[in-house]
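What's in protein-v7.cif: mmCIF, C-alpha atoms
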data_my_file
loop_
_atom_site.group_PDB
_atom_site.id
_atom_site.type_symbol
_atom_site.label_atom_id
_atom_site.label_comp_id
_atom_site.auth_asym_id
_atom_site.auth_seq_id
_atom_site.Cartn_x
_atom_site.Cartn_y
_atom_site.Cartn_z
ATOM 1 C CA MET I 1 0.000 0.000 0.000
ATOM 2 C CA LYS I 2 1.164 3.547 -0.665
ATOM 3 C CA VAL I 3 1.155 5.575 2.548
ATOM 4 C CA SER I 4 1.630 9.327 2.710
ATOM 5 C CA GLU I 5 2.399 9.447 6.445
ATOM 6 C CA ILE I 6 1.832 7.744 9.773
ATOM 7 C CA PHE I 7 1.826 9.937 12.880
ATOM 8 C CA THR I 8 0.286 10.252 16.313
ATOM 9 C CA SER I 9 -1.491 13.368 17.512
ATOM 10 C CA ILE I 10 -4.633 14.589 19.236
ATOM 11 C CA GLN I 11 -7.671 13.718 17.147
ATOM 12 C CA GLY I 12 -8.872 17.031 15.749
ATOM 13 C CA GLU I 13 -12.283 16.141 14.339
ATOM 14 C CA SER I 14 -15.358 13.940 14.746
ATOM 15 C CA THR I 15 -16.983 12.967 18.034
ATOM 16 C CA TYR I 16 -13.568 11.616 19.052
ATOM 17 C CA ALA I 17 -11.906 15.054 18.995
ATOM 18 C CA GLY I 18 -9.402 15.488 21.787
ATOM 19 C CA ILE I 19 -8.455 11.799 22.039
ATOM 20 C CA PRO I 20 -4.877 10.636 21.297
ATOM 21 C CA CYS I 21 -4.919 8.910 17.921
ATOM 22 C CA THR I 22 -2.510 7.338 15.464
ATOM 23 C CA PHE I 23 -3.225 8.404 11.879
ATOM 24 C CA ILE I 24 -2.503 6.341 8.796
ATOM 25 C CA ARG I 25 -2.782 8.706 5.833
ATOM 26 C CA MET I 26 -3.016 6.811 2.558
ATOM 27 C CA SER I 27 -1.751 8.328 -0.697
ATOM 28 C CA GLY I 28 -3.928 9.100 -3.684
ATOM 29 C CA CYS I 29 -7.278 10.821 -4.124
ATOM 30 C CA ASN I 30 -9.822 10.819 -6.931
ATOM 31 C CA LEU I 31 -11.347 14.176 -5.916
ATOM 32 C CA ARG I 32 -9.996 17.725 -5.972
ATOM 33 C CA CYS I 33 -11.974 19.692 -3.393
ATOM 34 C CA THR I 34 -11.587 23.464 -3.486
ATOM 35 C CA TYR I 35 -10.551 23.642 0.184
ATOM 36 C CA CYS I 36 -8.309 20.553 0.341
ATOM 37 C CA ASP I 37 -5.654 20.879 3.055
ATOM 38 C CA THR I 38 -3.802 17.640 2.281
ATOM 39 C CA THR I 39 -2.862 18.075 -1.376
ATOM 40 C CA TYR I 40 0.534 16.543 -0.599
ATOM 41 C CA ALA I 41 -1.248 13.194 -0.190
ATOM 42 C CA TYR I 42 -2.340 13.184 -3.846
ATOM 43 C CA ASP I 43 0.945 11.652 -4.998
ATOM 44 C CA GLU I 44 3.706 11.465 -2.411
ATOM 45 C CA GLY I 45 4.206 8.471 -0.169
ATOM 46 C CA ARG I 46 6.083 5.226 0.446
ATOM 47 C CA GLU I 47 5.134 1.639 -0.245
ATOM 48 C CA LEU I 48 4.499 -0.263 2.994
ATOM 49 C CA SER I 49 3.271 -3.775 3.611
ATOM 50 C CA GLU I 50 0.404 -4.481 5.977
ATOM 51 C CA GLY I 51 2.927 -5.846 8.463
ATOM 52 C CA GLU I 52 5.056 -2.690 8.311
ATOM 53 C CA ILE I 53 2.010 -0.503 8.929
ATOM 54 C CA LEU I 54 0.902 -2.649 11.855
ATOM 55 C CA ASP I 55 4.411 -2.486 13.306
ATOM 56 C CA GLU I 56 4.357 1.335 13.257
ATOM 57 C CA VAL I 57 0.926 1.316 14.896
ATOM 58 C CA ARG I 58 2.188 -1.047 17.598
ATOM 59 C CA LYS I 59 5.171 1.188 18.322
ATOM 60 C CA ALA I 60 2.870 4.227 18.677
ATOM 61 C CA GLY I 61 0.976 2.433 21.436
ATOM 62 C CA PHE I 62 -2.481 4.028 21.188
ATOM 63 C CA ARG I 63 -5.842 2.306 20.910
ATOM 64 C CA THR I 64 -7.551 4.761 18.535
ATOM 65 C CA ILE I 65 -6.490 4.596 14.878
ATOM 66 C CA GLU I 66 -7.740 6.692 11.979
ATOM 67 C CA ILE I 67 -7.214 5.643 8.374
ATOM 68 C CA THR I 68 -7.578 8.680 6.156
ATOM 69 C CA GLY I 69 -6.148 10.192 2.971
ATOM 70 C CA GLY I 70 -6.278 11.190 0.300
ATOM 71 C CA GLU I 71 -8.961 8.606 -0.214
ATOM 72 C CA PRO I 72 -8.082 5.384 1.615
ATOM 73 C CA LEU I 73 -10.675 3.158 -0.062
ATOM 74 C CA LEU I 74 -8.924 3.494 -3.426
ATOM 75 C CA GLN I 75 -6.400 0.917 -2.190
ATOM 76 C CA GLY I 76 -7.772 -2.595 -1.833
ATOM 77 C CA GLY I 77 -5.269 -3.474 0.873
ATOM 78 C CA VAL I 78 -7.014 -1.079 3.241
ATOM 79 C CA PHE I 79 -9.943 -3.450 3.797
ATOM 80 C CA PRO I 80 -7.927 -6.347 5.285
ATOM 81 C CA LEU I 81 -5.820 -3.786 7.191
ATOM 82 C CA ILE I 82 -8.967 -2.492 8.889
ATOM 83 C CA LYS I 83 -9.911 -6.041 9.883
ATOM 84 C CA ARG I 84 -6.465 -6.726 11.314
ATOM 85 C CA LEU I 85 -6.562 -3.538 13.362
ATOM 86 C CA VAL I 86 -9.981 -4.196 14.860
ATOM 87 C CA ASP I 87 -9.013 -7.832 15.504
ATOM 88 C CA GLN I 88 -6.122 -6.459 17.561
ATOM 89 C CA GLY I 89 -8.519 -4.435 19.704
ATOM 90 C CA HIS I 90 -8.101 -1.039 18.097
ATOM 91 C CA ARG I 91 -10.920 1.467 17.714
ATOM 92 C CA VAL I 92 -10.641 2.213 13.997
ATOM 93 C CA LEU I 93 -12.052 5.282 12.249
ATOM 94 C CA ILE I 94 -12.171 5.345 8.443
ATOM 95 C CA GLU I 95 -12.481 8.819 6.928
ATOM 96 C CA THR I 96 -13.652 8.511 3.337
ATOM 97 C CA ASN I 97 -14.600 11.168 0.811
ATOM 98 C CA GLY I 98 -18.034 9.800 -0.047
ATOM 99 C CA SER I 99 -17.271 8.719 -3.601
ATOM 100 C CA GLN I 100 -16.285 5.107 -2.880
ATOM 101 C CA ASP I 101 -18.399 2.100 -1.873
ATOM 102 C CA ILE I 102 -18.228 1.636 1.913
ATOM 103 C CA SER I 103 -20.128 -1.671 2.044
ATOM 104 C CA GLY I 104 -16.932 -3.727 2.254
ATOM 105 C CA ILE I 105 -15.632 -2.016 5.406
ATOM 106 C CA ASP I 106 -15.532 -4.240 8.502
ATOM 107 C CA GLU I 107 -18.716 -3.417 10.410
ATOM 108 C CA ARG I 108 -16.754 -3.047 13.650
ATOM 109 C CA ALA I 109 -14.957 0.004 12.269
ATOM 110 C CA ILE I 110 -16.385 3.518 12.517
ATOM 111 C CA VAL I 111 -17.032 5.168 9.167
ATOM 112 C CA VAL I 112 -16.654 8.952 8.948
ATOM 113 C CA LEU I 113 -18.326 9.642 5.615
ATOM 114 C CA ASP I 114 -17.819 13.004 3.953
ATOM 115 C CA ILE I 115 -20.697 14.278 1.858
ATOM 116 C CA LYS I 116 -19.178 16.907 -0.386
ATOM 117 C CA THR I 117 -21.197 20.112 -0.551
ATOM 118 C CA PRO I 118 -21.533 22.203 -3.737
ATOM 119 C CA GLY I 119 -18.831 24.566 -2.440
ATOM 120 C CA SER I 120 -16.313 21.734 -2.601
ATOM 121 C CA GLY I 121 -16.765 21.484 -6.354
ATOM 122 C CA MET I 122 -17.162 17.721 -5.938
ATOM 123 C CA SER I 123 -20.785 17.179 -4.876
ATOM 124 C CA GLU I 124 -21.650 15.418 -8.153
ATOM 125 C CA ALA I 125 -19.078 12.701 -7.345
ATOM 126 C CA MET I 126 -20.930 11.517 -4.242
ATOM 127 C CA ARG I 127 -22.125 7.920 -3.971
ATOM 128 C CA LEU I 128 -25.253 8.713 -1.972
ATOM 129 C CA SER I 129 -26.181 5.030 -1.859
ATOM 130 C CA ASN I 130 -23.522 4.819 0.893
ATOM 131 C CA LEU I 131 -26.016 6.472 3.232
ATOM 132 C CA SER I 132 -28.039 3.257 3.320
ATOM 133 C CA CYS I 133 -24.959 1.384 4.603
ATOM 134 C CA LEU I 134 -24.474 3.567 7.673
ATOM 135 C CA LYS I 135 -24.896 2.038 11.114
ATOM 136 C CA PRO I 136 -25.299 3.583 14.583
ATOM 137 C CA GLY I 137 -21.954 5.010 15.623
ATOM 138 C CA ASP I 138 -20.941 5.988 12.101
ATOM 139 C CA GLU I 139 -20.622 9.673 11.261
ATOM 140 C CA VAL I 140 -21.523 11.867 8.309
ATOM 141 C CA LYS I 141 -19.545 15.058 7.816
ATOM 142 C CA PHE I 142 -20.591 18.100 5.798
ATOM 143 C CA VAL I 143 -17.805 20.627 5.200
ATOM 144 C CA ILE I 144 -19.501 24.013 4.957
ATOM 145 C CA THR I 145 -18.097 26.768 2.730
ATOM 146 C CA SER I 146 -21.118 29.108 2.800
ATOM 147 C CA ARG I 147 -24.707 29.606 3.919
ATOM 148 C CA GLU I 148 -25.742 27.936 0.652
ATOM 149 C CA ASP I 149 -23.772 24.818 1.605
ATOM 150 C CA TYR I 150 -25.453 24.836 4.997
ATOM 151 C CA GLU I 151 -28.945 24.909 3.470
ATOM 152 C CA TRP I 152 -27.989 22.212 0.944
ATOM 153 C CA SER I 153 -26.714 19.993 3.768
ATOM 154 C CA LYS I 154 -29.965 20.391 5.691
ATOM 155 C CA ASP I 155 -31.851 19.241 2.602
ATOM 156 C CA VAL I 156 -29.683 16.112 2.319
ATOM 157 C CA ILE I 157 -30.250 15.318 5.995
ATOM 158 C CA THR I 158 -34.004 15.548 5.473
ATOM 159 C CA ALA I 159 -34.070 13.674 2.172
ATOM 160 C CA TYR I 160 -32.147 10.708 3.616
ATOM 161 C CA SER I 161 -33.623 10.813 7.141
ATOM 162 C CA LEU I 162 -30.175 11.026 8.712
ATOM 163 C CA LEU I 163 -31.170 12.530 12.050
ATOM 164 C CA GLY I 164 -31.103 9.765 14.606
ATOM 165 C CA LYS I 165 -29.476 7.326 12.180
ATOM 166 C CA CYS I 166 -25.864 8.353 12.809
ATOM 167 C CA GLU I 167 -23.764 11.224 14.125
ATOM 168 C CA ILE I 168 -23.897 14.319 11.895
ATOM 169 C CA LEU I 169 -21.003 16.778 11.787
ATOM 170 C CA PHE I 170 -21.045 20.293 10.339
ATOM 171 C CA SER I 171 -17.520 21.555 9.806
ATOM 172 C CA PRO I 172 -16.784 25.172 8.781
ATOM 173 C CA VAL I 173 -13.893 25.557 6.342
ATOM 174 C CA PHE I 174 -11.041 27.081 8.332
ATOM 175 C CA ASP I 175 -10.686 30.839 7.700
ATOM 176 C CA ILE I 176 -13.603 30.848 5.226
ATOM 177 C CA VAL I 177 -16.718 30.318 7.358
ATOM 178 C CA ASN I 178 -16.756 31.903 10.798
ATOM 179 C CA PRO I 179 -17.596 29.079 13.230
ATOM 180 C CA VAL I 180 -19.591 31.549 15.328
ATOM 181 C CA HIS I 181 -21.892 32.104 12.344
ATOM 182 C CA LEU I 182 -22.284 28.380 11.718
ATOM 183 C CA ALA I 183 -23.070 27.830 15.404
ATOM 184 C CA ARG I 184 -25.747 30.517 15.187
ATOM 185 C CA TRP I 185 -27.361 28.941 12.114
ATOM 186 C CA ILE I 186 -27.490 25.556 13.856
ATOM 187 C CA LEU I 187 -29.018 27.042 16.994
ATOM 188 C CA ASP I 188 -31.520 29.194 15.116
ATOM 189 C CA ASP I 189 -32.735 26.146 13.180
ATOM 190 C CA ARG I 190 -32.687 23.926 16.286
ATOM 191 C CA LEU I 191 -30.698 21.465 14.218
ATOM 192 C CA GLU I 192 -29.454 18.401 16.128
ATOM 193 C CA VAL I 193 -25.975 18.216 14.602
ATOM 194 C CA ARG I 194 -22.471 18.552 16.028
ATOM 195 C CA LEU I 195 -20.359 21.642 15.293
ATOM 196 C CA ASN I 196 -17.086 20.073 14.159
ATOM 197 C CA LEU I 197 -14.057 22.358 14.475
ATOM 198 C CA GLN I 198 -10.630 21.238 13.293
ATOM 199 C CA LEU I 199 -9.036 21.250 16.726
ATOM 200 C CA HIS I 200 -5.544 20.474 15.408
ATOM 201 C CA LYS I 201 -5.520 23.690 13.367
ATOM 202 C CA TYR I 202 -6.295 25.746 16.458
ATOM 203 C CA LEU I 203 -3.591 23.911 18.418
ATOM 204 C CA TYR I 204 -0.789 23.844 15.856
ATOM 205 C CA GLY I 205 -1.771 26.236 13.084
ATOM 206 C CA PRO I 206 -3.464 25.564 9.732
ATOM 207 C CA HIS I 207 -0.354 24.523 7.790
ATOM 208 C CA CYS I 208 1.442 22.196 10.200
ATOM 209 C CA ARG I 209 1.826 18.591 9.020
ATOM 210 C CA GLY I 210 1.969 15.489 11.168
ATOM 211 C CA VAL I 211 -0.522 16.787 13.711
#
If you took the structure in this file and wrote it as structure tokens, what would it be?
Amino acid sequence: MKVSEIFTSIQGESTYAGIPCTFIRMSGCNLRCTYCDTTYAYDEGRELSEGEILDEVRKAGFRTIEITGGEPLLQGGVFPLIKRLVDQGHRVLIETNGSQDISGIDERAIVVLDIKTPGSGMSEAMRLSNLSCLKPGDEVKFVITSREDYEWSKDVITAYSLLGKCEILFSPVFDIVNPVHLARWILDDRLEVRLNLQLHKYLYGPHCRGV
């Protein structure tokens, strides 16, 4: 498998924000979102076997693992890797961009499924059939670039009856949408979603890698 980086930090997003986590960032992505903050993962990386990845995870010594990208599900080796990690007792989060079939992911893993909003430039690439594969404990993330994205996301939530089905995250694009404004919209609409700030960017700055 081609891996961009493996590092341990404080989880910055999702309902697991604030928890120590080892990240496995896979190389390669089929989308080109307007706000992408990991463009380096498009191409760069090193070839690692499943055993080499597991060895680095073991050395890190933390229970929570996130497999991210890029787009991790583009590499077939990710699926048995997920199984090995959960077999070893890890809590495994899979962050995927919403364009790939998630049905083959081990059901013990936690899927964090991005649904790309129109502001990403990639909303037409979404595989919305993935929403029927979600289970309790999985998460759906909408990255919000504008008020229009916010309204669009509400419509998707309604159309697919997502409230109560899984965790729903609304994440403002750093330095584009004021999180205070997004919080106000959520409160005004009495919308039962989680405001999802990128904690690592507030801790280390928006351009720091390996955090």
Residues within 6 Å of (-16.1, 25.2, 7.9), file coords, only C-alpha atoms, listed as a PyMOL selection string: chain I and resi 143-145+171-174+177
Would you mind listing what lies within 10 Å of Gly104 in chain I as a short mmCIF file (atom, residue, chain, number, x, y, z; two decimals) with C-alpha atoms, in the coordinates of the input, with all atoms listed in the file counted and same-chain residues fewer than 4 positions away left out?
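Below is the file that was written, selection.cif:
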data_model
loop_
_atom_site.label_atom_id
_atom_site.label_comp_id
_atom_site.auth_asym_id
_atom_site.auth_seq_id
_atom_site.Cartn_x
_atom_site.Cartn_y
_atom_site.Cartn_z
CA LEU I 73 -10.68 3.16 -0.06
CA PHE I 79 -9.94 -3.45 3.80
CA PRO I 80 -7.93 -6.35 5.28
CA CYS I 133 -24.96 1.38 4.60
#
Result set, the PyMOL selection byres ((chain I and resi 127) around 9) on current file, as number ranges by chain: I: 98-101, 115, 124-126, 128-131
Padding 3 Å on each side, edges along x, y and z: where is the centre of the box around the listed atoms of range 73-89 of chain I, and how long are its edges in Å to one decimal? Output it as lines of an AutoDock Vina configuration file.
center_x = -8.0
center_y = -2.2
center_z = 8.1
size_x = 11.4
size_y = 17.3
size_z = 29.1
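Using all atoms listed in the file for every distance, the candidate list I:Phe62, I:Asp43, I:Cys33, I:Tyr150 yields I:Tyr150 as the residue closest to Arg184 in chain I.
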Interatomic distance (Å, one decimal) between CA of Pro118 in chain I and CA of Ile176 in chain I: 14.8 Å
Protein and nucleic acid residues near (-7.5, 8.4, 8.3) (cut-off 12 Å, all atoms listed in the file) as JSON, numbers by chain: {"I": [3, 4, 5, 6, 7, 8, 11, 12, 13, 14, 21, 22, 23, 24, 25, 26, 27, 38, 41, 64, 65, 66, 67, 68, 69, 70, 71, 72, 73, 78, 82, 92, 93, 94, 95, 96, 97, 109, 110, 111, 112, 113]}
Atom pair CA of Ile19 in chain I / CA of Arg63 in chain I: separation (Å): 9.9 Å
Of the listed residues I:Glu151, I:Ala17, I:Lys201, I:Leu163, that which approaches Ile186 in chain I most closely, counting only C-alpha atoms: I:Glu151
Straight-line distance linking CA of Gln88 in chain I with CA of Val57 in chain I, stated in Å to one decimal: 10.8 Å
Result set, the PyMOL selection byres ((chain I and resi 50) around 12) on current file, as a VMD selection string: chain I and resid 1 to 3 24 47 to 49 51 to 57 75 to 85
Return as a PDB file with C-alpha atoms, in the coordinates of the input the set of residues that the PyMOL selection byres ((chain I and resi 167) around 6) yields on the displayed structure.
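Generated output (part_22.pdb):
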ATOM      1  CA  GLU I 139     -20.622   9.673  11.261  1.00  0.00           C
ATOM      2  CA  CYS I 166     -25.864   8.353  12.809  1.00  0.00           C
ATOM      3  CA  ILE I 168     -23.897  14.319  11.895  1.00  0.00           C
TER       4      ILE I 168
END
Polymer residues at most 8 Å from Leu195 in chain I, only C-alpha atoms, same-chain spacing of 5 or more positions, as a list of chain:residue names: I:Leu169, I:Phe170, I:Ser171, I:Leu182, I:Ala183
